[in-house]
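Chemist: Compact mmCIF, C-alpha atoms, saved as work13.txt, coming up:
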```
# COMPACT_ATOMS: atom_id res chain seq x y z
CA MET A 1 18.33 -37.90 -20.08
CA ARG A 2 17.68 -38.68 -16.41
CA TRP A 3 19.93 -35.79 -15.40
CA LEU A 4 18.09 -33.42 -17.73
CA ARG A 5 14.73 -34.50 -16.37
CA ASP A 6 15.93 -34.16 -12.77
CA HIS A 7 17.47 -30.72 -13.44
CA ASP A 8 14.81 -29.26 -15.74
CA PRO A 9 14.77 -25.56 -14.79
CA GLY A 10 11.17 -25.20 -16.02
CA PRO A 11 9.84 -22.61 -18.45
CA SER A 12 11.98 -19.53 -18.88
CA ALA A 13 10.56 -16.29 -17.43
CA GLU A 14 11.76 -14.63 -20.62
CA VAL A 15 11.01 -15.99 -24.10
CA THR A 16 13.06 -14.60 -26.98
CA LEU A 17 14.19 -15.50 -30.48
CA VAL A 18 16.74 -18.34 -30.11
CA HIS A 19 19.15 -18.95 -33.01
CA GLY A 20 19.42 -22.67 -32.28
CA ASP A 21 22.88 -23.30 -33.79
CA PHE A 22 24.92 -20.36 -32.55
CA ARG A 23 28.62 -21.33 -32.73
CA ASN A 24 31.85 -20.41 -34.55
CA GLY A 25 30.99 -22.33 -37.68
CA ASN A 26 27.94 -20.15 -38.21
CA LEU A 27 29.64 -16.78 -37.71
CA ILE A 28 31.38 -14.65 -40.32
CA ILE A 29 33.98 -12.51 -38.57
CA GLY A 30 35.86 -9.57 -40.08
CA PRO A 31 38.51 -7.28 -38.59
CA ASP A 32 35.61 -5.11 -37.43
CA GLY A 33 33.85 -7.93 -35.56
CA VAL A 34 30.82 -10.12 -36.34
CA ARG A 35 29.66 -9.47 -39.92
CA ALA A 36 26.99 -12.15 -40.23
CA VAL A 37 25.29 -14.97 -38.35
CA LEU A 38 24.37 -17.84 -40.69
CA ASP A 39 22.11 -20.91 -40.63
CA TRP A 40 18.87 -19.78 -39.06
CA GLU A 41 16.90 -22.92 -39.91
CA LEU A 42 16.83 -24.04 -36.25
CA ALA A 43 15.65 -20.63 -34.99
CA HIS A 44 12.70 -20.72 -32.61
CA LEU A 45 11.14 -18.92 -29.67
CA GLY A 46 12.49 -20.10 -26.34
CA ASP A 47 14.88 -19.65 -23.42
CA PRO A 48 17.62 -17.17 -24.44
CA MET A 49 20.10 -19.17 -22.29
CA GLU A 50 19.86 -22.02 -24.84
CA ASP A 51 22.13 -20.19 -27.31
CA LEU A 52 24.70 -19.45 -24.58
CA GLY A 53 24.79 -23.11 -23.50
CA TRP A 54 25.10 -24.42 -27.07
CA LEU A 55 28.02 -22.03 -27.69
CA CYS A 56 29.83 -23.69 -24.75
CA VAL A 57 29.37 -27.31 -25.95
CA ASN A 58 32.83 -28.89 -26.06
CA SER A 59 32.37 -30.15 -29.63
CA TRP A 60 32.71 -26.53 -30.86
CA ARG A 61 35.96 -25.88 -28.96
CA PHE A 62 38.00 -27.75 -31.56
CA GLY A 63 40.53 -29.05 -29.06
CA GLU A 64 40.84 -25.82 -27.01
CA ILE A 65 38.96 -27.51 -24.18
CA ASP A 66 39.98 -25.01 -21.49
CA LYS A 67 38.28 -22.16 -23.36
CA PRO A 68 34.63 -23.12 -23.06
CA VAL A 69 33.19 -20.46 -25.35
CA GLY A 70 33.90 -21.76 -28.85
CA GLY A 71 37.51 -22.55 -27.94
CA PHE A 72 38.41 -18.87 -27.67
CA GLY A 73 36.85 -17.40 -24.52
CA SER A 74 35.81 -17.94 -20.92
CA ARG A 75 32.28 -18.14 -19.58
CA GLU A 76 33.04 -15.09 -17.44
CA GLU A 77 33.89 -13.06 -20.57
CA LEU A 78 30.79 -14.31 -22.39
CA PHE A 79 28.50 -13.52 -19.49
CA ALA A 80 30.11 -10.08 -18.94
CA GLY A 81 29.66 -9.20 -22.62
CA TYR A 82 26.06 -10.41 -22.59
CA GLU A 83 25.28 -8.36 -19.49
CA ALA A 84 27.10 -5.31 -20.89
CA ALA A 85 24.57 -5.46 -23.74
CA GLY A 86 21.83 -4.96 -21.15
CA ARG A 87 20.69 -8.54 -20.63
CA SER A 88 21.03 -10.92 -17.70
CA VAL A 89 22.56 -14.40 -17.51
CA ASP A 90 21.32 -17.40 -15.52
CA PRO A 91 24.45 -19.61 -15.23
CA ALA A 92 22.45 -22.65 -14.01
CA ARG A 93 20.24 -22.49 -17.11
CA VAL A 94 23.31 -22.07 -19.33
CA ARG A 95 24.78 -25.22 -17.78
CA PHE A 96 21.51 -27.11 -18.31
CA TRP A 97 21.56 -26.15 -22.00
CA GLU A 98 25.25 -27.07 -22.32
CA VAL A 99 24.44 -30.58 -21.07
CA MET A 100 21.36 -30.68 -23.32
CA GLY A 101 23.41 -29.43 -26.29
CA THR A 102 26.14 -32.02 -25.74
CA LEU A 103 23.54 -34.81 -25.67
CA ARG A 104 21.79 -33.28 -28.69
CA TRP A 105 24.97 -33.33 -30.80
CA GLY A 106 25.61 -36.94 -29.72
CA ILE A 107 22.13 -37.93 -30.85
CA MET A 108 22.67 -36.08 -34.13
CA CYS A 109 25.86 -38.15 -34.61
CA GLY A 110 23.74 -41.28 -34.09
CA GLY A 111 21.29 -39.92 -36.67
CA MET A 112 24.15 -39.62 -39.16
CA MET A 113 24.85 -43.31 -38.64
CA GLN A 114 21.21 -44.14 -39.38
CA ARG A 115 21.19 -42.05 -42.54
CA PHE A 116 24.37 -43.85 -43.62
CA ARG A 117 22.64 -47.19 -43.04
CA LEU A 118 19.77 -46.11 -45.28
CA SER A 119 22.05 -45.08 -48.16
CA PRO A 120 25.56 -46.41 -47.53
CA GLY A 121 26.78 -45.84 -51.10
CA HIS A 122 27.67 -42.18 -50.79
CA SER A 123 28.08 -41.21 -47.17
CA MET A 124 31.40 -42.41 -45.77
CA GLU A 125 31.68 -39.10 -43.93
CA ARG A 126 28.31 -39.62 -42.26
CA ALA A 127 29.42 -43.10 -41.22
CA MET A 128 32.47 -41.65 -39.51
CA ILE A 129 30.47 -38.87 -37.84
CA GLY A 130 28.38 -41.70 -36.34
CA ARG A 131 31.53 -42.81 -34.54
CA ARG A 132 31.86 -39.39 -32.93
CA ALA A 133 28.90 -39.93 -30.59
CA SER A 134 31.38 -41.24 -28.01
CA GLU A 135 33.05 -37.80 -27.96
CA THR A 136 29.86 -36.40 -26.51
CA GLU A 137 29.68 -39.29 -24.02
CA ILE A 138 33.05 -38.41 -22.53
CA ASP A 139 32.08 -34.72 -22.51
CA LEU A 140 28.84 -35.58 -20.68
CA LEU A 141 30.80 -37.57 -18.10
CA ARG A 142 33.18 -34.62 -17.67
CA LEU A 143 30.13 -32.43 -17.02
CA LEU A 144 28.08 -34.78 -14.84
CA ALA A 145 30.59 -37.10 -13.14
CA PRO A 146 33.94 -35.27 -13.20
CA ARG A 147 36.94 -37.13 -11.83
CA GLY A 148 39.40 -35.52 -9.43
CA SER A 149 42.27 -33.50 -10.85
CA MET B 1 41.33 -71.18 -39.49
CA GLN B 2 42.28 -68.57 -42.09
CA ASP B 3 45.76 -67.97 -43.40
CA GLU B 4 47.85 -64.93 -42.67
CA PRO B 5 48.27 -61.98 -43.02
CA THR B 6 45.64 -61.06 -40.46
CA PRO B 7 42.84 -58.56 -41.16
CA ILE B 8 44.70 -55.94 -39.11
CA GLU B 9 47.84 -56.42 -41.18
CA LEU B 10 45.89 -56.21 -44.45
CA ILE B 11 44.05 -53.05 -43.42
CA ASN B 12 47.27 -51.44 -42.22
CA ALA B 13 48.90 -52.22 -45.57
CA VAL B 14 46.01 -50.64 -47.49
CA ALA B 15 45.96 -47.59 -45.20
CA ALA B 16 49.72 -47.13 -45.62
CA PHE B 17 49.37 -47.31 -49.42
CA LEU B 18 46.60 -44.69 -49.40
CA ARG B 19 48.47 -42.45 -46.97
CA ASN B 20 51.91 -42.63 -48.56
CA ASP B 21 51.28 -43.18 -52.26
CA ILE B 22 47.82 -41.79 -53.06
CA THR B 23 47.55 -38.76 -50.76
CA PRO B 24 50.25 -36.79 -52.65
CA LEU B 25 48.44 -37.35 -55.95
CA ILE B 26 45.02 -35.88 -55.20
CA SER B 27 43.63 -32.59 -53.95
CA GLY B 28 40.45 -30.76 -53.03
CA ASN B 29 37.35 -32.54 -51.81
CA ASN B 30 38.71 -35.96 -52.76
CA ALA B 31 41.80 -35.34 -50.63
CA PHE B 32 39.48 -34.59 -47.70
CA LYS B 33 37.47 -37.74 -48.37
CA LEU B 34 40.67 -39.76 -48.61
CA ARG B 35 41.64 -38.55 -45.13
CA VAL B 36 38.22 -39.64 -43.87
CA ALA B 37 38.71 -43.02 -45.54
CA ILE B 38 42.15 -43.53 -43.98
CA ASN B 39 40.72 -42.51 -40.60
CA ALA B 40 37.99 -45.14 -41.05
CA LEU B 41 40.56 -47.85 -41.80
CA ASP B 42 42.62 -46.84 -38.76
CA LEU B 43 39.49 -46.97 -36.60
CA VAL B 44 38.67 -50.49 -37.83
CA THR B 45 42.22 -51.59 -37.02
CA ARG B 46 41.93 -50.22 -33.48
CA GLN B 47 38.55 -51.89 -33.00
CA LEU B 48 39.85 -55.26 -34.21
CA ALA B 49 42.77 -54.97 -31.78
CA LEU B 50 40.89 -53.69 -28.72
CA GLU B 51 37.23 -54.71 -28.88
CA GLN B 52 37.44 -58.27 -27.55
CA GLY B 53 39.32 -57.26 -24.42
CA SER B 54 37.22 -54.17 -23.69
CA ASP B 55 33.92 -55.99 -24.29
CA ALA B 56 34.96 -58.82 -21.95
CA ARG B 57 35.89 -56.34 -19.20
CA GLU B 58 32.63 -54.45 -19.79
CA VAL B 59 30.60 -57.67 -19.39
CA GLU B 60 32.46 -58.44 -16.14
CA ARG B 61 31.73 -55.01 -14.71
CA LEU B 62 28.07 -55.13 -15.78
CA HIS B 63 27.71 -58.60 -14.30
CA ALA B 64 29.00 -57.29 -10.96
CA LEU B 65 26.87 -54.11 -11.09
CA LEU B 66 23.60 -55.74 -12.14
CA GLY B 67 23.93 -59.19 -10.60
CA MET B 68 22.80 -60.87 -13.81
CA GLU B 69 24.26 -62.72 -16.80
CA GLY B 70 23.84 -61.93 -20.47
CA SER B 71 25.45 -60.60 -23.63
CA VAL B 72 27.07 -57.17 -23.59
CA THR B 73 24.05 -55.83 -25.50
CA ASP B 74 21.52 -57.36 -23.08
CA LEU B 75 23.43 -56.14 -20.04
CA ASN B 76 23.72 -52.60 -21.42
CA ARG B 77 19.99 -52.58 -22.14
CA ALA B 78 19.30 -53.69 -18.57
CA LEU B 79 21.58 -50.98 -17.17
CA ALA B 80 19.95 -48.28 -19.33
CA ASP B 81 16.55 -49.49 -18.15
CA ARG B 82 17.55 -49.25 -14.47
CA ILE B 83 19.02 -45.77 -15.00
CA ALA B 84 15.84 -44.63 -16.78
CA LYS B 85 13.67 -45.97 -13.96
CA GLY B 86 15.80 -44.23 -11.35
CA GLU B 87 16.87 -47.51 -9.70
CA VAL B 88 20.56 -46.61 -10.09
CA ASP B 89 22.32 -43.30 -10.55
CA LEU B 90 25.75 -41.69 -10.29
CA ALA B 91 25.63 -42.14 -6.49
CA THR B 92 25.38 -45.94 -6.94
CA PRO B 93 28.77 -47.45 -5.98
CA GLY B 94 30.71 -48.48 -9.07
CA LEU B 95 28.41 -46.95 -11.68
CA ALA B 96 30.40 -43.80 -12.43
CA ASP B 97 33.62 -45.84 -12.59
CA HIS B 98 31.97 -48.28 -14.97
CA LEU B 99 30.68 -45.50 -17.26
CA TRP B 100 34.09 -43.85 -17.27
CA GLN B 101 35.94 -47.08 -18.11
CA THR B 102 33.44 -48.01 -20.83
CA THR B 103 33.63 -44.54 -22.37
CA MET B 104 37.43 -44.45 -22.26
CA ASP B 105 37.50 -47.81 -24.05
CA LYS B 106 35.17 -46.41 -26.74
CA LEU B 107 37.29 -43.31 -27.29
CA ALA B 108 40.44 -45.47 -27.55
CA VAL B 109 38.85 -46.90 -30.71
CA ASP B 110 36.77 -44.00 -32.03
CA GLN B 111 38.82 -40.85 -31.46
CA PRO B 112 42.09 -41.37 -29.55
CA ASN B 113 43.18 -37.82 -30.45
CA TYR B 114 40.07 -36.17 -28.98
CA ALA B 115 41.28 -33.53 -26.52
CA SER B 116 38.93 -34.51 -23.66
CA TYR B 117 40.10 -38.14 -23.96
CA LYS B 118 43.76 -37.20 -23.92
CA ARG B 119 43.15 -35.01 -20.87
CA GLU B 120 41.39 -37.84 -19.02
CA LEU B 121 44.12 -40.34 -19.94
CA GLN B 122 46.56 -38.23 -17.92
CA ARG B 123 44.48 -38.68 -14.76
CA LYS B 124 45.08 -41.42 -12.28
CA PRO B 125 41.85 -43.48 -12.37
```
Could the structure of this file be written out as structure tokens, please?

Modeler:
Amino acid sequence: MRWLRDHDPGPSAEVTLVHGDFRNGNLIIGPDGVRAVLDWELAHLGDPMEDLGWLCVNSWRFGEIDKPVGGFGSREELFAGYEAAGRSVDPARVRFWEVMGTLRWGIMCGGMMQRFRLSPGHSMERAMIGRRASETEIDLLRLLAPRGS
Amino acid sequence: MQDEPTPIELINAVAAFLRNDITPLISGNNAFKLRVAINALDLVTRQLALEQGSDAREVERLHALLGMEGSVTDLNRALADRIAKGEVDLATPGLADHLWQTTMDKLAVDQPNYASYKRELQRKP
């Protein structure tokens, strides 16, 4: 939270529709490409870089940690595709939103634990998601305090 | 003092029964939930085995970093408070190492198969 406050890039010059949960799990893909984008309940107006950062959060790489975009692509490819569509990328803002997104998922894991506490009878899965907050802690350290190779 | 088997041995026996004897019998959503249940038992076993040692080392590090005594909860609260106030940060000697060690100890219990954790385990600290 300190890092986010210290690195707040300020209001975006451009405000667009932001999906809010743009990642593999919310895409339907066919042989012809993207067929549908699901789950728009977190959509809002904001910084378009937020969706690019969230897509790079390590939790959505499903183990393919060297392919930052959803476990299947590089940032360079993502940015090139985005710019080919006529838009521009601000990599520093994308990084800010990746850190924010990683923290956000960790806090959501903590929220699962609290919901489990309120109704423990039928939410073993929520209880176990609560124990995944530490995954986002190691990912935040890898982003903010990386160790030498 | 309680008799044996120990809690770890009992949990391992239950987890082995679920894994070996029950898993083949069920399918669908209940099979998924059974995997979650077995994962939970394995997590508890790891915590019972590792928590005392890792908590003691965490208290030692926090004691050295903060120059104060207290429970692991109190010391963590004090550290969080100092970070929030800007009194310490990643440039503070020992803090990044402490956060890394603490986080690695958490992952060893929570998710030892998490890819980032396995990658970091390969590094020389």

Chemist: Report as a list in words the set of chain B residues whose atoms approach chain A to within 9 Å, with distances computed over all atoms listed in the file.

Modeler: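 Output check: Lys33, Val36, Ala37, Asn39, Ala40, Ile83, Ala84, Lys85, Gly86, Asp89, Leu90, Ala96, Leu99, Trp100, Thr103, Met104, Lys106, Leu107, Asp110, Gln111, Tyr114, Ala115, Ser116, Tyr117, Glu120, Arg123, Lys124 and Pro125 of chain B.
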
Chemist: So what do you get for atom CA of B:Pro7 versus atom CA of B:Gln47, distance-wise?

Modeler: 11.4 Å

Chemist: Taking into account all atoms listed in the file, which residue in the set B:Ala16, B:Phe32, B:Glu87, B:Glu58 is nearest to B:Thr73?

Modeler: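 Checking each candidate against B:Thr73, we get B:Glu58 as the closest.
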
Chemist: Quick check, in Å to one decimal: how far apart do atom CA of A:Trp60 and atom CA of A:Gly110 lie?

Modeler: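 Calculated distance between atom CA of A:Trp60 and atom CA of A:Gly110 is 17.6 Å.
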
Chemist: Report, as lines of an AutoDock Vina configuration file, the centre and edge lengths in Å (one decimal) of the axis-aligned box enclosing every listed atom of stretch 18-25 of chain B, padded by 8 Å on each side.

Modeler:
```
center_x = 49.3
center_y = -40.7
center_z = -51.5
size_x = 21.3
size_y = 23.9
size_z = 25.0
```

Chemist: Counting only C-alpha atoms, which of B:Met68, B:Leu75, B:Leu62, B:Leu121 gets nearest to B:Gly94?

Modeler: B:Leu62

Chemist: Quick check, in Å to one decimal: how far apart do atom CA of A:Gly71 and atom CA of A:Ala36 lie?

Modeler: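 Interatomic distance, atom CA of A:Gly71 to atom CA of A:Ala36: 19.2 Å.
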
Chemist: Give as a PDB file with C-alpha atoms, in the coordinates of the input the set of residues within 7 Å of the point (27.9, -29.7, -23.1), where distances use the file's coordinates and all atoms listed in the file.

Modeler:
```pdb
ATOM      1  CA  CYS A  56      29.830 -23.690 -24.750  1.00  0.00           C
ATOM      2  CA  VAL A  57      29.370 -27.310 -25.950  1.00  0.00           C
ATOM      3  CA  ASN A  58      32.830 -28.890 -26.060  1.00  0.00           C
ATOM      4  CA  GLU A  98      25.250 -27.070 -22.320  1.00  0.00           C
ATOM      5  CA  VAL A  99      24.440 -30.580 -21.070  1.00  0.00           C
ATOM      6  CA  MET A 100      21.360 -30.680 -23.320  1.00  0.00           C
ATOM      7  CA  GLY A 101      23.410 -29.430 -26.290  1.00  0.00           C
ATOM      8  CA  THR A 102      26.140 -32.020 -25.740  1.00  0.00           C
ATOM      9  CA  ASP A 139      32.080 -34.720 -22.510  1.00  0.00           C
ATOM     10  CA  LEU A 140      28.840 -35.580 -20.680  1.00  0.00           C
TER      11      LEU A 140
END
```

Chemist: Applying 12 Å and all atoms listed in the file, which residues near B:Ala15 remain after dropping the ones on its own chain fewer than 4 positions away? List them as a PyMOL selection string.

Modeler: chain B and resi 8-11+19-23+34-45

Chemist: Do a neighbour search on stretch 84-91 of chain A at 12 Å with all atoms listed in the file, toss out local chain neighbours closer than 2 positions, and write the hits as a list in words.

Modeler: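 Counting only the stated atoms, we get Pro9, Ser12, Ala13, Glu14, Thr16, Asp47, Pro48, Met49, Glu50, Asp51, Leu52, Gly53, Cys56, Arg75, Glu76, Glu77, Leu78, Phe79, Ala80, Gly81, Tyr82, Arg93, Val94, Arg95, Phe96, Trp97 and Glu98 of chain A.
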
Chemist: Have a look at A:Leu4, A:Leu45, A:Leu55, A:Ile107 and name the one nearest to A:Asn26; count only C-alpha atoms.

Modeler: A:Leu55
